[in-house]
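Q: Can you keep this structure in mind? I'll have questions shortly.
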Amino acid sequence: MLFEQHARYILRLFRSATLCQPEVSVMSRVFNFCAGPAAMPEPVLLRAQEEFLSWGKRGSSVLEMSHRSDEFVQIARHAEQGLRDLMHIPENYKILLLQGGASAQFAFIPMNILGGKRTADYISTGIWSEKAIEEARNYCDVNVTATGAADGFTRIPDREQWKLNPNAAYVHYTPNETVNGVEFHWIPETGDVPLVADMSSTILSRPIDVSKFGLIYAGAQKNIGPSGIAVVIVREDLIGRPLPQTPRPFDYAVQVKDASLYNTPPTFGWYLIDLVFDWLRQQGGPEAMGPINARKAAKLYQVIDASDFYSNAVAAECRSWMNIPFRLADPRLDPVFLKQAAENNMVNLNGFRSVGGMRASIYNAVPEAAVDALCAFMRDFEKRHG
Ligand SMILES: Cc1ncc(COP(=O)(O)O)c(C=O)c1O
C-alpha cells in the first residue's frame with residue numbers, strides 16, 4: 001500500500017515536470033496568418049515565458065499581482081506611456097484600456113460621446129462598419145452617410161458623394177476592414193465634427209496623425225497583444241457627458257479618473273501589451289513598420305495579380321496592407337490549398353467564416369520571411385494545379 005502511494009507520488013511529480021517542458025521549441029513554430037487573435041512577436045512570448053513564474057525579483061507571477069499593487073501600476077503606466085510615445089499622442093488625449101474588445105466600443109462610443117446630440121454619421125465600408133452601425137442604432141439616429149454595399153464592399157465610396165451632417169455628434173469610419181481587405185490610405189476631413197476611427201486591424205502599422213481624430217479605438221488582438229482588451233484614445237473635450245444609464249465601468253470619465261482601473265482589468269493582457277510596445281519601440285515604431293508593411297503587402301498582391309489563378313476584387317487604391325483576402329479561380333482547390341499550406345507550416349489562411357476563400361493577415365508581428373514563404377508556396381501551388 002505504502003509502495004503504491006509512493007509510486008503514485010513519483011508519477012505525479014513526473015507529470016508536473018513534463019508539463020514544465022515547453023512542448024514546442026521556437027524552431028518549430030509555424031507562420032501564423034490569423035486575423036486575430038494574431039501572431040505575437042516571438043521575443044514577447046519568450047520574455048513572458050521567462051517571467052511567468054516570477055516577475056522581477058518578486059517571486060510571483062504577474063497573474064498573481066493585485067491590480068492595485070505598485071508593481072502592476074508600474075506596468076500599466078509604462079504601457080500607456082509606450083503607446084503615447086509610439087503614436088505621438090498629444091497631451092489633450094486620454095488613453096484607456098477597456099474590457100469587451102472593439103465590439104463593446106461600438107456601444108460605448110455613442111453612450112459616451114453623443115454629447116447631448118441625437119445623430120451620428122457612419123461610413124459603411126464592410127462587415128465591421130456594418131456591425132458598428134447596427135449597435136449604434138440602439139443609442140442614436142444613425143445617418144449612413146456613404147456605403148460601399150453596391151460595389152460589394154470592394155472600394156471606398158467617393159468622398160464627393162458623402163452627405164455629412166454638420167450637426168452630427170461624430171463621424172465614424174473603419175480605416176481598415178479586416179474581412180473585406182479595404183483600407184483608407186487617407187484620413188477623411190470632417191471639419192468641426194469629431195472623427196471616430198475603428199483602427200482594430202491597422203493601428204501601429206504606420207505613423208498616423210492622432211490630432212486629426214476625436215477618438216481612435218482598437219481591439220488589441222492584432223497589432224497590440226492579446227484579445228479581450230480595447231485601446232481607446234479620446235480627446236479630452238469629448239469626455240464627461242455620457243447617456244444617463246451608462247454603466248460606470250463603461251463611462252469614459254469614470255475610467256479616466258481611475259486610470260482604467262475602476263474595476264479589475266485583465267492584468268496579464270496589459271502586461272503582454274506593455275511587452276509588445278517595448279518590442280515595437282525596439283523595431284523603430286510605426287515609422288519603421290510602415291515601409292516594411294507596405295513591402296510585405298506589395299509582394300503578396302503581386303503574386304495574386306500575376307495570373308487568373310488567384311484574384312482579389314478590391315480596388316487598387318484601397319487595398320489593405322494588413323488583411324489580404326484572395327480567391328482561387330477553382331474553389332474546389334480551397335481545401336487542398338489550405339492543407340498543403342499547413343503542411344508547409346503556414347496556418348490560418350482561410351477567409352472569414354461568412355465569406356470563404358482565403359485571407360492572409362500580415363500584421364507587424366508577421367515577419368517578412370513569412371510573406372516570402374507564402375508567396376513562394378502560392379507560385380509553386382499554381383504551377384502544380386494551374
Ligand atoms: C475592424 C474590427 N472591428 C471590430 C472587431 C471586433 O473586435 P472584438 O472581437 O475585439 O470585439 C474586429 C475583430 O476582428 C475588427 O477586425
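In the C-alpha cells, each chain is lettered A, B, ... as it comes, each chain's residues begin at 1, and ligands are numbered from 1 in order of appearance.
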Please report, as CSV, each residue of chain A lying at most 6 Å from ligand 1, together with the nearest pair of atoms and the separation in Å rounded to one decimal; use only C-alpha atoms and all ligand atoms, and order rows by chain and ascending residue number.
A:
residue,atom,partner,partner_atom_place_in_ligand_line,distance
A:Gly101,CA,ligand 1,10 (O),3.4
A:Ala102,CA,ligand 1,11 (O),3.9
A:Ser103,CA,ligand 1,11 (O),3.6
A:Trp128,CA,ligand 1,3 (N),5.1
A:Glu177,CA,ligand 1,1 (C),5.3
A:Thr178,CA,ligand 1,16 (O),4.6
A:Asp198,CA,ligand 1,1 (C),6.0
A:Ser200,CA,ligand 1,1 (C),4.8
A:Ser201,CA,ligand 1,16 (O),5.4
A:Gly219,CA,ligand 1,10 (O),4.4
A:Gly228,CA,ligand 1,10 (O),5.9
Q: Could you check which of A:Trp321, A:Phe277, A:Tyr173, A:Phe352 is closest to Asn293 in chain A, using only C-alpha atoms?
A: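 Result for the nearest residue to Asn293 in chain A: A:Trp321.
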Q: Neighbours of Gly116 in chain A within 10 Å (only C-alpha atoms; same-chain residues fewer than 2 positions away dropped), as a CSV table (one decimal) with C-alpha atoms, in the first residue's frame?
A:
chain,number,residue,atom,x,y,z
A,112,ASN,CA,-20.2,58.4,-24.2
A,113,ILE,CA,-19.7,61.0,-26.9
A,114,LEU,CA,-23.1,61.9,-28.3
A,118,ARG,CA,-29.2,62.7,-31.3
A,119,THR,CA,-27.5,61.9,-34.6
A,169,ALA,CA,-22.2,64.3,-32.9
A,241,ARG,CA,-21.4,63.7,-21.0
A,242,PRO,CA,-22.4,60.1,-21.0
A,243,LEU,CA,-26.0,58.9,-21.6
Q: Quick one: residues within 10 Å of Leu164 in chain A, only C-alpha atoms counted, chain neighbours fewer than 3 positions away excluded, as a PyMOL selection string?
A: chain A and resi 120-123+143-146+161+167-168+170-171+190-191+193
Q: Residues of the last selection are to be written out with C-alpha atoms, as a PDB file, in the first residue's frame.
A:
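Below you can see selection-v3.pdb, which holds the result:
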ATOM      1  CA  ALA A 120     -24.155  60.404 -35.687  1.00  0.00           C
ATOM      2  CA  ASP A 121     -22.764  59.877 -39.196  1.00  0.00           C
ATOM      3  CA  TYR A 122     -21.378  56.456 -40.148  1.00  0.00           C
ATOM      4  CA  ILE A 123     -19.442  55.455 -43.265  1.00  0.00           C
ATOM      5  CA  ASN A 143     -27.079  58.501 -40.687  1.00  0.00           C
ATOM      6  CA  VAL A 144     -25.279  56.169 -43.079  1.00  0.00           C
ATOM      7  CA  THR A 145     -23.501  58.915 -44.935  1.00  0.00           C
ATOM      8  CA  ALA A 146     -21.913  56.674 -47.556  1.00  0.00           C
ATOM      9  CA  GLN A 161     -20.729  61.702 -52.611  1.00  0.00           C
ATOM     10  CA  ASN A 167     -24.787  68.775 -36.721  1.00  0.00           C
ATOM     11  CA  ALA A 168     -23.799  65.135 -36.213  1.00  0.00           C
ATOM     12  CA  TYR A 170     -19.364  62.484 -34.704  1.00  0.00           C
ATOM     13  CA  VAL A 171     -18.416  60.701 -37.941  1.00  0.00           C
ATOM     14  CA  THR A 190     -14.848  66.236 -41.288  1.00  0.00           C
ATOM     15  CA  GLY A 191     -14.456  69.879 -40.267  1.00  0.00           C
ATOM     16  CA  VAL A 193     -17.369  67.185 -36.355  1.00  0.00           C
TER      17      VAL A 193
END
Q: Write out as a list in words each polymer residue whose atoms come within 7 Å of Asn263 in chain A, counting only C-alpha atoms; drop sequence neighbours fewer than 2 positions from it.
A: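 Here the answer would be Pro249, Leu261 and Pro265 of chain A.
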Q: Output N, CA and C atoms for every residue in the selection just made, as a short mmCIF file (atom, residue, chain, number, x, y, z; two decimals), in the first residue's frame.
A:
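Result file follows (again20.cif):
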data_model
loop_
_atom_site.label_atom_id
_atom_site.label_comp_id
_atom_site.auth_asym_id
_atom_site.auth_seq_id
_atom_site.Cartn_x
_atom_site.Cartn_y
_atom_site.Cartn_z
N PRO A 249 -18.56 51.15 -15.28
CA PRO A 249 -17.31 50.68 -15.91
C PRO A 249 -17.22 51.06 -17.38
N LEU A 261 -8.59 51.69 -14.12
CA LEU A 261 -8.58 50.68 -13.05
C LEU A 261 -9.81 50.81 -12.16
N PRO A 265 -8.92 44.89 -14.09
CA PRO A 265 -8.69 44.71 -15.53
C PRO A 265 -8.05 43.35 -15.83
#
Q: Would you mind listing what lies within 7 Å of range 252-254 of chain A as an MDAnalysis selection string, with only C-alpha atoms counted and same-chain residues fewer than 3 positions away left out?
A: chainID A and resid 112 239:240 248 257:258
Q: Could you state the separation of CA of Asn323 in chain A and CA of Gly148 in chain A in Å, given to one decimal place?
A: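 Value for the CA of Asn323 in chain A-CA of Gly148 in chain A distance: 17.9 Å.
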Q: With a distance cut-off of 7 Å and only C-alpha atoms, select the neighbouring residues of Met289 in chain A, excluding the residue or stretch itself and same-chain residues fewer than 2 positions from it, and output the selection as a ChimeraX atom specification.
A: /A:205-206,285-287,291-293,364
Q: Give the strand (DSSP E or B) residues of range 141-342 of chain A, as DSSP finds them on the backbone, and put them as a ChimeraX atom specification.
A: /A:141-147,171-173,176-177,182-183,195-198,215-219,229-235,310-311,319,323-328
Q: Output N, CA and C atoms for every residue in that selection, as a short mmCIF file (atom, residue, chain, number, x, y, z; two decimals), in the first residue's frame.
A:
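Result file follows (again.cif):
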data_model
loop_
_atom_site.label_atom_id
_atom_site.label_comp_id
_atom_site.auth_asym_id
_atom_site.auth_seq_id
_atom_site.Cartn_x
_atom_site.Cartn_y
_atom_site.Cartn_z
N ASP A 141 -29.75 58.19 -33.65
CA ASP A 141 -30.15 58.10 -35.06
C ASP A 141 -28.89 58.02 -35.88
N VAL A 142 -28.73 56.92 -36.58
CA VAL A 142 -27.52 56.73 -37.39
C VAL A 142 -27.80 57.17 -38.82
N ASN A 143 -26.97 58.07 -39.30
CA ASN A 143 -27.08 58.50 -40.69
C ASN A 143 -25.95 57.81 -41.46
N VAL A 144 -26.33 56.84 -42.29
CA VAL A 144 -25.28 56.17 -43.08
C VAL A 144 -24.95 57.10 -44.26
N THR A 145 -23.88 57.82 -44.05
CA THR A 145 -23.50 58.91 -44.94
C THR A 145 -23.03 58.42 -46.29
N ALA A 146 -22.41 57.26 -46.30
CA ALA A 146 -21.91 56.67 -47.56
C ALA A 146 -21.76 55.18 -47.32
N THR A 147 -22.03 54.41 -48.37
CA THR A 147 -21.85 52.96 -48.23
C THR A 147 -21.26 52.33 -49.49
N VAL A 171 -18.42 61.52 -36.71
CA VAL A 171 -18.42 60.70 -37.94
C VAL A 171 -17.59 59.45 -37.64
N HIS A 172 -18.19 58.30 -37.82
CA HIS A 172 -17.49 57.04 -37.53
C HIS A 172 -17.09 56.35 -38.82
N TYR A 173 -15.86 55.84 -38.87
CA TYR A 173 -15.48 55.02 -40.02
C TYR A 173 -14.50 53.94 -39.58
N ASN A 176 -9.62 50.27 -41.66
CA ASN A 176 -9.25 49.01 -42.33
C ASN A 176 -10.30 47.96 -42.03
N GLU A 177 -10.94 47.49 -43.09
CA GLU A 177 -11.96 46.44 -42.94
C GLU A 177 -11.24 45.09 -42.98
N VAL A 182 -10.40 46.15 -47.25
CA VAL A 182 -10.49 47.51 -47.83
C VAL A 182 -9.90 48.49 -46.82
N GLU A 183 -8.96 49.30 -47.26
CA GLU A 183 -8.29 50.20 -46.32
C GLU A 183 -8.25 51.64 -46.86
N LEU A 195 -13.94 63.07 -35.67
CA LEU A 195 -13.80 61.84 -36.47
C LEU A 195 -13.47 60.69 -35.52
N VAL A 196 -14.22 59.59 -35.65
CA VAL A 196 -14.04 58.42 -34.79
C VAL A 196 -13.61 57.25 -35.66
N ALA A 197 -12.53 56.56 -35.28
CA ALA A 197 -11.99 55.51 -36.15
C ALA A 197 -11.84 54.19 -35.41
N ASP A 198 -12.37 53.13 -36.02
CA ASP A 198 -12.13 51.77 -35.52
C ASP A 198 -10.84 51.28 -36.17
N LEU A 215 -11.60 60.44 -31.64
CA LEU A 215 -11.45 59.19 -30.88
C LEU A 215 -10.94 58.08 -31.81
N ILE A 216 -9.99 57.33 -31.29
CA ILE A 216 -9.48 56.16 -32.01
C ILE A 216 -9.66 54.97 -31.06
N TYR A 217 -10.15 53.87 -31.60
CA TYR A 217 -10.21 52.67 -30.75
C TYR A 217 -9.74 51.46 -31.53
N ALA A 218 -9.34 50.44 -30.80
CA ALA A 218 -8.83 49.23 -31.47
C ALA A 218 -8.90 48.06 -30.52
N GLY A 219 -9.43 46.93 -31.02
CA GLY A 219 -9.32 45.67 -30.28
C GLY A 219 -7.83 45.30 -30.29
N ILE A 229 -9.27 43.13 -24.87
CA ILE A 229 -8.99 44.50 -24.41
C ILE A 229 -9.15 45.43 -25.61
N ALA A 230 -9.72 46.60 -25.37
CA ALA A 230 -9.73 47.63 -26.43
C ALA A 230 -8.93 48.82 -25.93
N VAL A 231 -8.12 49.37 -26.81
CA VAL A 231 -7.42 50.61 -26.51
C VAL A 231 -8.30 51.74 -27.05
N VAL A 232 -8.52 52.75 -26.23
CA VAL A 232 -9.30 53.91 -26.65
C VAL A 232 -8.44 55.16 -26.45
N ILE A 233 -8.32 55.95 -27.50
CA ILE A 233 -7.57 57.21 -27.41
C ILE A 233 -8.59 58.30 -27.67
N VAL A 234 -8.90 59.10 -26.66
CA VAL A 234 -10.05 60.01 -26.80
C VAL A 234 -9.67 61.43 -26.40
N ARG A 235 -10.13 62.38 -27.22
CA ARG A 235 -9.83 63.79 -26.95
C ARG A 235 -10.59 64.23 -25.71
N TYR A 310 -5.24 33.29 -59.07
CA TYR A 310 -5.68 33.92 -57.82
C TYR A 310 -6.36 35.24 -58.16
N SER A 311 -7.25 35.71 -57.27
CA SER A 311 -7.83 37.04 -57.51
C SER A 311 -8.16 37.75 -56.20
N ARG A 319 -6.55 48.87 -51.30
CA ARG A 319 -6.24 47.51 -50.85
C ARG A 319 -5.51 47.57 -49.50
N ASN A 323 -4.71 42.97 -44.15
CA ASN A 323 -5.54 41.77 -44.36
C ASN A 323 -5.79 41.62 -45.85
N ILE A 324 -5.27 40.55 -46.41
CA ILE A 324 -5.34 40.39 -47.87
C ILE A 324 -6.19 39.16 -48.21
N PRO A 325 -7.47 39.42 -48.56
CA PRO A 325 -8.31 38.29 -48.96
C PRO A 325 -8.01 37.93 -50.41
N PHE A 326 -8.06 36.67 -50.73
CA PHE A 326 -7.93 36.29 -52.14
C PHE A 326 -8.68 34.98 -52.38
N ARG A 327 -9.00 34.78 -53.66
CA ARG A 327 -9.74 33.57 -54.04
C ARG A 327 -8.95 32.77 -55.05
N LEU A 328 -9.21 31.49 -55.06
CA LEU A 328 -8.66 30.64 -56.11
C LEU A 328 -9.71 30.54 -57.21
#
Q: Go ahead and compute the interatomic distance for CA of Val30 in chain A and CA of Cys375 in chain A, in Å to one decimal.
A: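 Atom-to-atom, CA of Val30 in chain A to CA of Cys375 in chain A, that is 15.4 Å.
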Q: Counting only C-alpha atoms, figure out which residue out of A:Gly351, A:Gly152, A:Pro90, A:Gly214 gets nearest to Asp237 in chain A.
A: A:Gly214
Q: Counting only C-alpha atoms, figure out which residue out of A:Gln49, A:Ser54, A:Asn32, A:Ser260 gets nearest to Leu374 in chain A.
A: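 Ranking A:Gln49, A:Ser54, A:Asn32, A:Ser260 by distance to Leu374 in chain A, first place goes to A:Asn32.
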Q: Considering only C-alpha atoms, can you say which of A:Gly290, A:Ser227, A:Ala313, A:Ile304 comes closest to Gln99 in chain A?
A: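 Of the candidates, the smallest distance to Gln99 in chain A is held by A:Ser227.
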Q: Point out the residue among A:Lys296, A:Lys117, A:Arg155, A:His67 with the least atom-to-atom distance to Trp270 in chain A, counting only C-alpha atoms.
A: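 Of A:Lys296, A:Lys117, A:Arg155, A:His67, the one nearest Trp270 in chain A, counting only C-alpha atoms, is A:His67.
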Q: Which is closer to Pro244 in chain A than all the others in A:His88, A:Tyr139, A:Ala35, A:Met65, using only C-alpha atoms?
A: A:Tyr139
Q: Would you please extract all helix (DSSP H, G or I) residues from range 219-273 of chain A, as assigned by DSSP on the backbone, and give them as a PDB file with N, CA and C atoms, in the first residue's frame?
A:
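out33.pdb was written with the following content:
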ATOM      1  N   GLU A 236      -9.909  64.956 -24.829  1.00  0.00           N
ATOM      2  CA  GLU A 236     -10.472  65.301 -23.517  1.00  0.00           C
ATOM      3  C   GLU A 236     -11.853  65.946 -23.580  1.00  0.00           C
ATOM      4  N   ASP A 237     -12.049  66.844 -24.566  1.00  0.00           N
ATOM      5  CA  ASP A 237     -13.313  67.593 -24.586  1.00  0.00           C
ATOM      6  C   ASP A 237     -14.525  66.720 -24.916  1.00  0.00           C
ATOM      7  N   LEU A 238     -14.294  65.476 -25.353  1.00  0.00           N
ATOM      8  CA  LEU A 238     -15.421  64.596 -25.696  1.00  0.00           C
ATOM      9  C   LEU A 238     -15.887  63.773 -24.489  1.00  0.00           C
ATOM     10  N   ARG A 248     -21.216  52.344 -14.916  1.00  0.00           N
ATOM     11  CA  ARG A 248     -19.991  53.051 -14.513  1.00  0.00           C
ATOM     12  C   ARG A 248     -18.720  52.485 -15.170  1.00  0.00           C
ATOM     13  N   PRO A 249     -18.563  51.150 -15.277  1.00  0.00           N
ATOM     14  CA  PRO A 249     -17.310  50.682 -15.907  1.00  0.00           C
ATOM     15  C   PRO A 249     -17.215  51.059 -17.384  1.00  0.00           C
ATOM     16  N   PHE A 250     -18.358  51.471 -17.995  1.00  0.00           N
ATOM     17  CA  PHE A 250     -18.350  51.818 -19.422  1.00  0.00           C
ATOM     18  C   PHE A 250     -18.242  53.325 -19.640  1.00  0.00           C
ATOM     19  N   TYR A 252     -16.413  56.609 -19.894  1.00  0.00           N
ATOM     20  CA  TYR A 252     -15.018  57.033 -20.110  1.00  0.00           C
ATOM     21  C   TYR A 252     -14.522  57.936 -18.969  1.00  0.00           C
ATOM     22  N   ALA A 253     -15.390  58.845 -18.480  1.00  0.00           N
ATOM     23  CA  ALA A 253     -14.940  59.789 -17.442  1.00  0.00           C
ATOM     24  C   ALA A 253     -14.540  59.032 -16.178  1.00  0.00           C
ATOM     25  N   VAL A 254     -15.336  58.023 -15.838  1.00  0.00           N
ATOM     26  CA  VAL A 254     -15.032  57.222 -14.637  1.00  0.00           C
ATOM     27  C   VAL A 254     -13.699  56.498 -14.829  1.00  0.00           C
ATOM     28  N   GLN A 255     -13.525  55.911 -16.007  1.00  0.00           N
ATOM     29  CA  GLN A 255     -12.290  55.152 -16.254  1.00  0.00           C
ATOM     30  C   GLN A 255     -11.074  56.079 -16.374  1.00  0.00           C
ATOM     31  N   VAL A 256     -11.275  57.276 -16.916  1.00  0.00           N
ATOM     32  CA  VAL A 256     -10.159  58.232 -16.981  1.00  0.00           C
ATOM     33  C   VAL A 256      -9.736  58.587 -15.555  1.00  0.00           C
ATOM     34  N   LYS A 257     -10.728  58.876 -14.713  1.00  0.00           N
ATOM     35  CA  LYS A 257     -10.433  59.274 -13.331  1.00  0.00           C
ATOM     36  C   LYS A 257      -9.639  58.165 -12.615  1.00  0.00           C
ATOM     37  N   THR A 267      -5.240  41.802 -16.171  1.00  0.00           N
ATOM     38  CA  THR A 267      -3.881  42.269 -15.860  1.00  0.00           C
ATOM     39  C   THR A 267      -2.803  41.615 -16.732  1.00  0.00           C
ATOM     40  N   PHE A 268      -2.954  40.317 -16.992  1.00  0.00           N
ATOM     41  CA  PHE A 268      -1.899  39.652 -17.769  1.00  0.00           C
ATOM     42  C   PHE A 268      -1.880  40.191 -19.208  1.00  0.00           C
ATOM     43  N   GLY A 269      -3.060  40.493 -19.725  1.00  0.00           N
ATOM     44  CA  GLY A 269      -3.145  41.081 -21.061  1.00  0.00           C
ATOM     45  C   GLY A 269      -2.432  42.429 -21.121  1.00  0.00           C
ATOM     46  N   TRP A 270      -2.626  43.245 -20.110  1.00  0.00           N
ATOM     47  CA  TRP A 270      -1.954  44.554 -20.062  1.00  0.00           C
ATOM     48  C   TRP A 270      -0.449  44.383 -20.061  1.00  0.00           C
ATOM     49  N   TYR A 271       0.000  43.409 -19.295  1.00  0.00           N
ATOM     50  CA  TYR A 271       1.441  43.139 -19.202  1.00  0.00           C
ATOM     51  C   TYR A 271       1.993  42.757 -20.579  1.00  0.00           C
ATOM     52  N   LEU A 272       1.240  41.883 -21.303  1.00  0.00           N
ATOM     53  CA  LEU A 272       1.700  41.481 -22.646  1.00  0.00           C
ATOM     54  C   LEU A 272       1.700  42.678 -23.605  1.00  0.00           C
ATOM     55  N   ILE A 273       0.703  43.522 -23.467  1.00  0.00           N
ATOM     56  CA  ILE A 273       0.635  44.726 -24.304  1.00  0.00           C
ATOM     57  C   ILE A 273       1.871  45.596 -24.054  1.00  0.00           C
TER      58      ILE A 273
END
